[in-house]
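Enquirer: Attaching a single structure in structure tokens format; questions to follow.
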Amino acid sequence: MTTGTAPGESDSELLQPVWRARRQPSIYHLAVFFIAGSLAAWCFHSLNFSSLSWKLPTAHYLQTQHEFALYSVEEVNTFKELYDKSITDSIWASYTEAEQTNVKEALGALRLAHEMYLAGKDEKAARLFKHALALAPRHPEVLLRYGEFLEHNQRNIVLADQYYFQALTINPSNLEALANRRRTADVVQNLDERRLESLDFKRNALSAIHESKPALRRAKKEAYFQHIYHSVGIEGNTMTLAQTRSILETRMAVDGKSIDEHNEILGMDLAMKYINASLVQKIEITIKDILELHRRVLGHVDPLEGGEFRRNQVYVGGHIPPGPGDLSLLMQRFQSWINSERSTSLHPVNYAAIAHYKLVHIHPFIDGNGRTSRLLMNTLLMRAGYPPVIIPKQQRSKYYHFLKLANEGDIRPFLRFIADCTEKTLDLYLWATSELPQQIPILIQTESEVGERLAKMQSPYMNHKSSISEFNEFGSGSQP
């Protein structure tokens with residue numbers, strides 16, 4: 001499909017949502033604003049979009065209706081069209097030729113999705129919305145309309161709110177997105193809080209199991225292997241779970257694998273032992289503790305760089321971390337933040353996830369930033385009574401995608417992703433310690449075997465609506 005709109009055409013005119021009709025401005029107001037609009041358009045044309053200083057900041061996303069009452073609805077809509085046109089022209093000018101082609105196709109798909117929705121063909125509409133989003137993932141109109149479809153048709157208010165937020169980071173004046181967020185923000189916050197309460201319940205259930213129980217000891221041992229296997233796997237290590245377990249238990253080399261891959265596993269082993277023996281008992285986390293953690297992570301791979309801040313600029317995909325000259329100050333600030341009363345009063349899962357994000361965003365080391373950040377996150381979780389969280393290597397693309405969204409201004413999807421991984425880890429522990437034979441192999445059994453055991457399980461702590469694949473994805477051979 002190549003149908004689309006001309007660069008100067010207002011995206012807000014592409015389609016009207018069926019759940020809300022737009023009021024038309026009066027002729028008088030149009031005449032009054034024609035002169036003002038022409039002058040405003042000339043001003044906007046002379047300015048670069050990035051230099052506009054009067055954009056609504058993030059803090060205003062949840063403003064109440066009366067704060068916009070300076071103008072009538074008709075006047076606001078007229079002015080909005082002028083402003084949106086300047087935004088559209090500026091965004092369009094920043095696209096490459098290939099991106100412009102994608103945007104045209106995305107807007108064409110958006111029209112068709114709307115038509116399918118009106119015709120009651122929801123499945124086709126959903127596929128077209130997804131296609132439009134894949135072609136233009138940062139186009140505010142695509143984000144807004146897909147979010148409205150998700151909210152009103154799919155009842156996925158959390159994802160809808162995420163897309164409204166993204167639309168506002170691109171175009172903070174989008175009044176439709178602002179209105180949508182006022183409607184969804186409190187609901188989504190309440191859902192997030194209830195989710196955290198559910199995690200606390202499962203943590204307390206796990207804490208009630210006596211440490212002397214053999215099943216719990218076996219579960220911890222297996223989770224230890226899985227944690228190392230998945231953490232190094234996220235970074236590209238090709239060792240299987242069985243090979244990882246063999247290296248940790250026998251210290252024998254595996255044929256056909258590089259020395260670095262062996263040393264990455266041994267480094268994680270040293271770092272986790274350091275956490276268990278020392279770091280988890282500490283009241284405060286210092287820069288020295290983080291350096292010691294990193295020294296063990298990288299000690300076998302690159303002893304000269306282990307425990308040292310980087311001395312060169314690095315580039316991580318589209319993210320450009322701070323320069324080496326800024327690291328000392330930024331790490332001092334990070335140390336102050338991680339030990340502050342305000343931070344430690346957060347829910348443990350959010351606190352740990354934000355600490356993970358902050359450290360990996362600073363990217364203080366030449367290598368091993370991800371592994372060190374995940375280890376720090378798990379240190380904070382363990383201090384709050386949670387087990388070390390396993391982030392499956394099969395979820396690598398989602399993991400990096402949510403970090404990217406955090407870089408763009410919305411950390412909530414990353415927090416929810418860590419909460420998901422936390423819940424699955426808790427479920428695995430509770431499952432492994434339930435009264436079933438052969439508890440530990442269940443973590444890595446095939447999907448059919450897991451299904452058979454799940455059908456027999458009567459644990460009160462498990463959510464039986466969870467899919468079998470959610471449990472199987474922690475194994476070495478499954479896919480998300």
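Ordered as shown in the structure tokens, chains take letters A, B, and onward, while each chain numbers its residues from 1 and ligands are numbered from 1 in the order shown.
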Taking the DSSP assignment computed from this structure's backbone, write out as an MDAnalysis selection string all residues of range 194-372 of chain A that belong to alpha helix (DSSP H).
Expert: chainID A and resid 194:207 214:234 241:250 259:277 287:298 327:338 341:344 348:362 369:372
Enquirer: Let me see the file: selected residues, C-alpha atoms, as an mmCIF file, in the first residue's frame.
Expert:
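Result file again-v2.cif:
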data_model
loop_
_atom_site.group_PDB
_atom_site.id
_atom_site.type_symbol
_atom_site.label_atom_id
_atom_site.label_comp_id
_atom_site.auth_asym_id
_atom_site.auth_seq_id
_atom_site.Cartn_x
_atom_site.Cartn_y
_atom_site.Cartn_z
ATOM 1 C CA ARG A 194 -2.395 -4.048 42.568
ATOM 2 C CA ARG A 195 0.170 -6.013 40.579
ATOM 3 C CA LEU A 196 2.880 -5.127 43.093
ATOM 4 C CA GLU A 197 0.618 -6.220 45.946
ATOM 5 C CA SER A 198 0.245 -9.583 44.208
ATOM 6 C CA LEU A 199 4.036 -9.909 44.036
ATOM 7 C CA ASP A 200 4.299 -9.190 47.762
ATOM 8 C CA PHE A 201 1.769 -11.938 48.452
ATOM 9 C CA LYS A 202 3.812 -14.487 46.514
ATOM 10 C CA ARG A 203 7.040 -13.305 48.128
ATOM 11 C CA ASN A 204 5.489 -13.800 51.567
ATOM 12 C CA ALA A 205 4.300 -17.262 50.545
ATOM 13 C CA LEU A 206 7.837 -18.172 49.514
ATOM 14 C CA SER A 207 9.300 -16.689 52.710
ATOM 15 C CA PRO A 214 15.093 -29.980 50.588
ATOM 16 C CA ALA A 215 12.888 -28.857 47.713
ATOM 17 C CA LEU A 216 13.688 -25.204 48.432
ATOM 18 C CA ARG A 217 17.423 -25.896 48.531
ATOM 19 C CA ARG A 218 17.236 -27.710 45.210
ATOM 20 C CA ALA A 219 15.147 -24.910 43.714
ATOM 21 C CA LYS A 220 17.712 -22.314 44.774
ATOM 22 C CA LYS A 221 20.545 -24.343 43.284
ATOM 23 C CA GLU A 222 18.755 -24.767 39.967
ATOM 24 C CA ALA A 223 17.747 -21.090 39.884
ATOM 25 C CA TYR A 224 21.416 -20.182 40.457
ATOM 26 C CA PHE A 225 22.412 -22.051 37.287
ATOM 27 C CA GLN A 226 19.491 -20.590 35.358
ATOM 28 C CA HIS A 227 20.284 -17.042 36.440
ATOM 29 C CA ILE A 228 23.866 -17.245 35.197
ATOM 30 C CA TYR A 229 22.862 -19.033 31.990
ATOM 31 C CA HIS A 230 20.260 -16.431 31.047
ATOM 32 C CA SER A 231 22.266 -13.367 32.113
ATOM 33 C CA VAL A 232 25.313 -14.244 30.003
ATOM 34 C CA GLY A 233 22.994 -15.474 27.238
ATOM 35 C CA ILE A 234 21.414 -12.022 26.970
ATOM 36 C CA LEU A 241 22.036 -24.580 30.215
ATOM 37 C CA ALA A 242 23.579 -28.047 30.557
ATOM 38 C CA GLN A 243 27.008 -26.719 29.566
ATOM 39 C CA THR A 244 26.675 -23.807 31.992
ATOM 40 C CA ARG A 245 25.786 -26.193 34.799
ATOM 41 C CA SER A 246 28.719 -28.457 33.902
ATOM 42 C CA ILE A 247 31.232 -25.594 33.993
ATOM 43 C CA LEU A 248 29.988 -24.392 37.375
ATOM 44 C CA GLU A 249 29.925 -27.859 38.919
ATOM 45 C CA THR A 250 33.089 -29.401 37.444
ATOM 46 C CA ILE A 259 37.642 -19.028 26.447
ATOM 47 C CA ASP A 260 35.698 -15.784 26.875
ATOM 48 C CA GLU A 261 32.388 -17.657 27.053
ATOM 49 C CA HIS A 262 33.815 -19.868 29.814
ATOM 50 C CA ASN A 263 35.189 -16.844 31.652
ATOM 51 C CA GLU A 264 31.903 -14.941 31.448
ATOM 52 C CA ILE A 265 30.201 -17.781 33.322
ATOM 53 C CA LEU A 266 32.968 -17.988 35.928
ATOM 54 C CA GLY A 267 32.848 -14.208 36.399
ATOM 55 C CA MET A 268 29.119 -14.282 37.076
ATOM 56 C CA ASP A 269 29.685 -17.093 39.560
ATOM 57 C CA LEU A 270 32.252 -14.999 41.455
ATOM 58 C CA ALA A 271 29.986 -11.946 41.457
ATOM 59 C CA MET A 272 26.966 -13.862 42.774
ATOM 60 C CA LYS A 273 29.032 -15.422 45.537
ATOM 61 C CA TYR A 274 30.231 -11.936 46.489
ATOM 62 C CA ILE A 275 26.618 -10.749 46.677
ATOM 63 C CA ASN A 276 25.541 -13.694 48.845
ATOM 64 C CA ALA A 277 28.527 -13.439 51.175
ATOM 65 C CA ILE A 287 30.453 3.083 44.384
ATOM 66 C CA LYS A 288 33.177 0.821 45.736
ATOM 67 C CA ASP A 289 30.647 -2.024 46.055
ATOM 68 C CA ILE A 290 29.588 -1.579 42.426
ATOM 69 C CA LEU A 291 33.226 -1.530 41.300
ATOM 70 C CA GLU A 292 33.914 -4.708 43.277
ATOM 71 C CA LEU A 293 30.897 -6.344 41.680
ATOM 72 C CA HIS A 294 32.106 -5.374 38.218
ATOM 73 C CA ARG A 295 35.658 -6.482 38.985
ATOM 74 C CA ARG A 296 34.348 -10.002 39.537
ATOM 75 C CA VAL A 297 32.047 -9.929 36.496
ATOM 76 C CA LEU A 298 34.886 -8.967 34.154
ATOM 77 C CA LEU A 327 31.188 9.412 35.149
ATOM 78 C CA SER A 328 32.603 10.286 38.569
ATOM 79 C CA LEU A 329 29.948 12.939 39.249
ATOM 80 C CA LEU A 330 27.116 10.820 37.837
ATOM 81 C CA MET A 331 28.104 7.804 39.909
ATOM 82 C CA GLN A 332 28.261 9.977 43.035
ATOM 83 C CA ARG A 333 24.725 11.113 42.294
ATOM 84 C CA PHE A 334 23.670 7.529 41.665
ATOM 85 C CA GLN A 335 25.127 6.494 45.036
ATOM 86 C CA SER A 336 23.182 9.294 46.738
ATOM 87 C CA TRP A 337 19.988 8.279 44.957
ATOM 88 C CA ILE A 338 20.214 4.554 45.673
ATOM 89 C CA GLU A 341 15.070 7.592 51.901
ATOM 90 C CA ARG A 342 12.895 8.581 48.973
ATOM 91 C CA SER A 343 14.316 5.773 46.820
ATOM 92 C CA THR A 344 14.332 3.064 49.465
ATOM 93 C CA PRO A 348 11.240 -3.086 46.151
ATOM 94 C CA VAL A 349 10.550 -4.237 42.580
ATOM 95 C CA ASN A 350 10.290 -0.677 41.253
ATOM 96 C CA TYR A 351 13.286 0.424 43.318
ATOM 97 C CA ALA A 352 15.452 -2.397 41.980
ATOM 98 C CA ALA A 353 14.283 -1.939 38.381
ATOM 99 C CA ILE A 354 14.928 1.818 38.434
ATOM 100 C CA ALA A 355 18.396 1.227 39.900
ATOM 101 C CA HIS A 356 19.068 -1.241 37.076
ATOM 102 C CA TYR A 357 17.960 1.304 34.487
ATOM 103 C CA LYS A 358 19.901 4.202 35.982
ATOM 104 C CA LEU A 359 23.168 2.257 36.121
ATOM 105 C CA VAL A 360 22.884 0.829 32.616
ATOM 106 C CA HIS A 361 21.951 4.295 31.318
ATOM 107 C CA ILE A 362 25.121 5.803 32.797
ATOM 108 C CA ASN A 369 27.305 -2.987 32.221
ATOM 109 C CA GLY A 370 24.224 -5.148 31.654
ATOM 110 C CA ARG A 371 25.409 -8.023 33.820
ATOM 111 C CA THR A 372 26.476 -5.650 36.610
#
Enquirer: At what distance in Å, to one decimal, does CA of Ala179 in chain A lie from CA of Tyr146 in chain A?
Expert: 15.3 Å
Enquirer: Taking only C-alpha atoms into account, which of A:Glu211, A:Asp427, A:Glu141, A:Glu151 comes nearest Ala106 in chain A?
Expert: A:Glu141
Enquirer: Would you mind reading off the distance between CA of Ala113 in chain A and CA of Leu128 in chain A, one decimal, in Å?
Expert: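 That distance, rounded to one decimal, is 5.2 Å.
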Enquirer: Here is a test: counting only C-alpha atoms, which residue of A:Val280, A:Ile391, A:Leu428, A:Ile411 is nearest to Thr379 in chain A?
Expert: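 Of the candidates, the smallest distance to Thr379 in chain A is held by A:Val280.
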Enquirer: Find the spatial neighbours of Ala160 in chain A, counting only C-alpha atoms, within a cut-off of 10 Å - ignore same-chain residues fewer than 4 positions away - and output them as a PyMOL selection string.
Expert: chain A and resi 143-152+154-156+164-166+180-181+184+188
Enquirer: I need the residues from that last selection saved to file as a compact mmCIF listing (two decimals), in the first residue's frame (with N, CA and C atoms), if you can.
Expert:
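Dumped to selection_32.txt:
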# COMPACT_ATOMS: atom_id res chain seq x y z
N LEU A 143 0.21 6.23 16.93
CA LEU A 143 0.19 5.87 18.35
C LEU A 143 -1.16 6.19 18.98
N LEU A 144 -1.69 7.37 18.66
CA LEU A 144 -2.95 7.80 19.25
C LEU A 144 -4.11 6.90 18.82
N ARG A 145 -4.24 6.65 17.51
CA ARG A 145 -5.38 5.88 17.02
C ARG A 145 -5.29 4.41 17.42
N TYR A 146 -4.09 3.86 17.40
CA TYR A 146 -3.95 2.47 17.83
C TYR A 146 -4.25 2.36 19.33
N GLY A 147 -3.80 3.35 20.10
CA GLY A 147 -4.11 3.35 21.53
C GLY A 147 -5.60 3.38 21.79
N GLU A 148 -6.32 4.20 21.03
CA GLU A 148 -7.78 4.28 21.21
C GLU A 148 -8.45 2.96 20.83
N PHE A 149 -7.94 2.31 19.79
CA PHE A 149 -8.49 1.00 19.41
C PHE A 149 -8.24 -0.02 20.52
N LEU A 150 -7.04 -0.01 21.08
CA LEU A 150 -6.71 -0.95 22.16
C LEU A 150 -7.57 -0.70 23.39
N GLU A 151 -7.79 0.56 23.70
CA GLU A 151 -8.57 0.90 24.89
C GLU A 151 -10.04 0.53 24.73
N HIS A 152 -10.64 0.91 23.62
CA HIS A 152 -12.08 0.77 23.47
C HIS A 152 -12.51 -0.57 22.90
N GLN A 154 -10.10 -3.55 22.43
CA GLN A 154 -9.37 -4.67 23.00
C GLN A 154 -9.34 -4.66 24.53
N ARG A 155 -9.79 -3.57 25.12
CA ARG A 155 -9.81 -3.42 26.58
C ARG A 155 -8.40 -3.55 27.19
N ASN A 156 -7.40 -3.15 26.43
CA ASN A 156 -6.02 -3.17 26.92
C ASN A 156 -5.63 -1.75 27.29
N TYR A 164 -0.47 6.50 24.34
CA TYR A 164 -0.82 7.91 24.52
C TYR A 164 0.39 8.69 25.05
N PHE A 165 1.08 8.09 25.99
CA PHE A 165 2.26 8.74 26.58
C PHE A 165 3.32 8.96 25.51
N GLN A 166 3.57 7.93 24.67
CA GLN A 166 4.56 8.06 23.61
C GLN A 166 4.17 9.16 22.63
N ASN A 180 -7.00 11.67 26.62
CA ASN A 180 -7.00 10.22 26.81
C ASN A 180 -6.20 9.83 28.05
N ARG A 181 -5.07 10.50 28.26
CA ARG A 181 -4.24 10.17 29.43
C ARG A 181 -4.92 10.57 30.73
N THR A 184 -7.05 7.60 31.44
CA THR A 184 -6.44 6.29 31.67
C THR A 184 -5.38 6.26 32.77
N VAL A 188 -4.54 3.01 35.21
CA VAL A 188 -3.33 2.23 34.99
C VAL A 188 -2.46 2.21 36.24
Enquirer: To one decimal place, how far is CA of Thr425 in chain A from CA of Arg383 in chain A in Å?
Expert: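 Computing the Euclidean distance for CA of Thr425 in chain A and CA of Arg383 in chain A yields 16.1 Å.
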Enquirer: Near Pro388 in chain A, within 7 Å and counting only C-alpha atoms, which residues show up once chain neighbours fewer than 6 positions away are dropped, as a ChimeraX atom specification?
Expert: /A:378,381-382
Enquirer: Could you write out the selected residues, including N, CA and C atoms, as an mmCIF file, in the first residue's frame?
Expert:
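The resulting file, result07.cif, is shown below:
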data_model
loop_
_atom_site.group_PDB
_atom_site.id
_atom_site.type_symbol
_atom_site.label_atom_id
_atom_site.label_comp_id
_atom_site.auth_asym_id
_atom_site.auth_seq_id
_atom_site.Cartn_x
_atom_site.Cartn_y
_atom_site.Cartn_z
ATOM 1 N N ASN A 378 19.255 -7.467 41.453
ATOM 2 C CA ASN A 378 18.936 -8.646 42.256
ATOM 3 C C ASN A 378 19.437 -8.520 43.686
ATOM 4 N N LEU A 381 16.685 -6.651 45.367
ATOM 5 C CA LEU A 381 15.518 -7.521 45.536
ATOM 6 C C LEU A 381 15.738 -8.529 46.659
ATOM 7 N N MET A 382 16.927 -9.094 46.721
ATOM 8 C CA MET A 382 17.225 -10.073 47.770
ATOM 9 C C MET A 382 17.171 -9.430 49.153
#
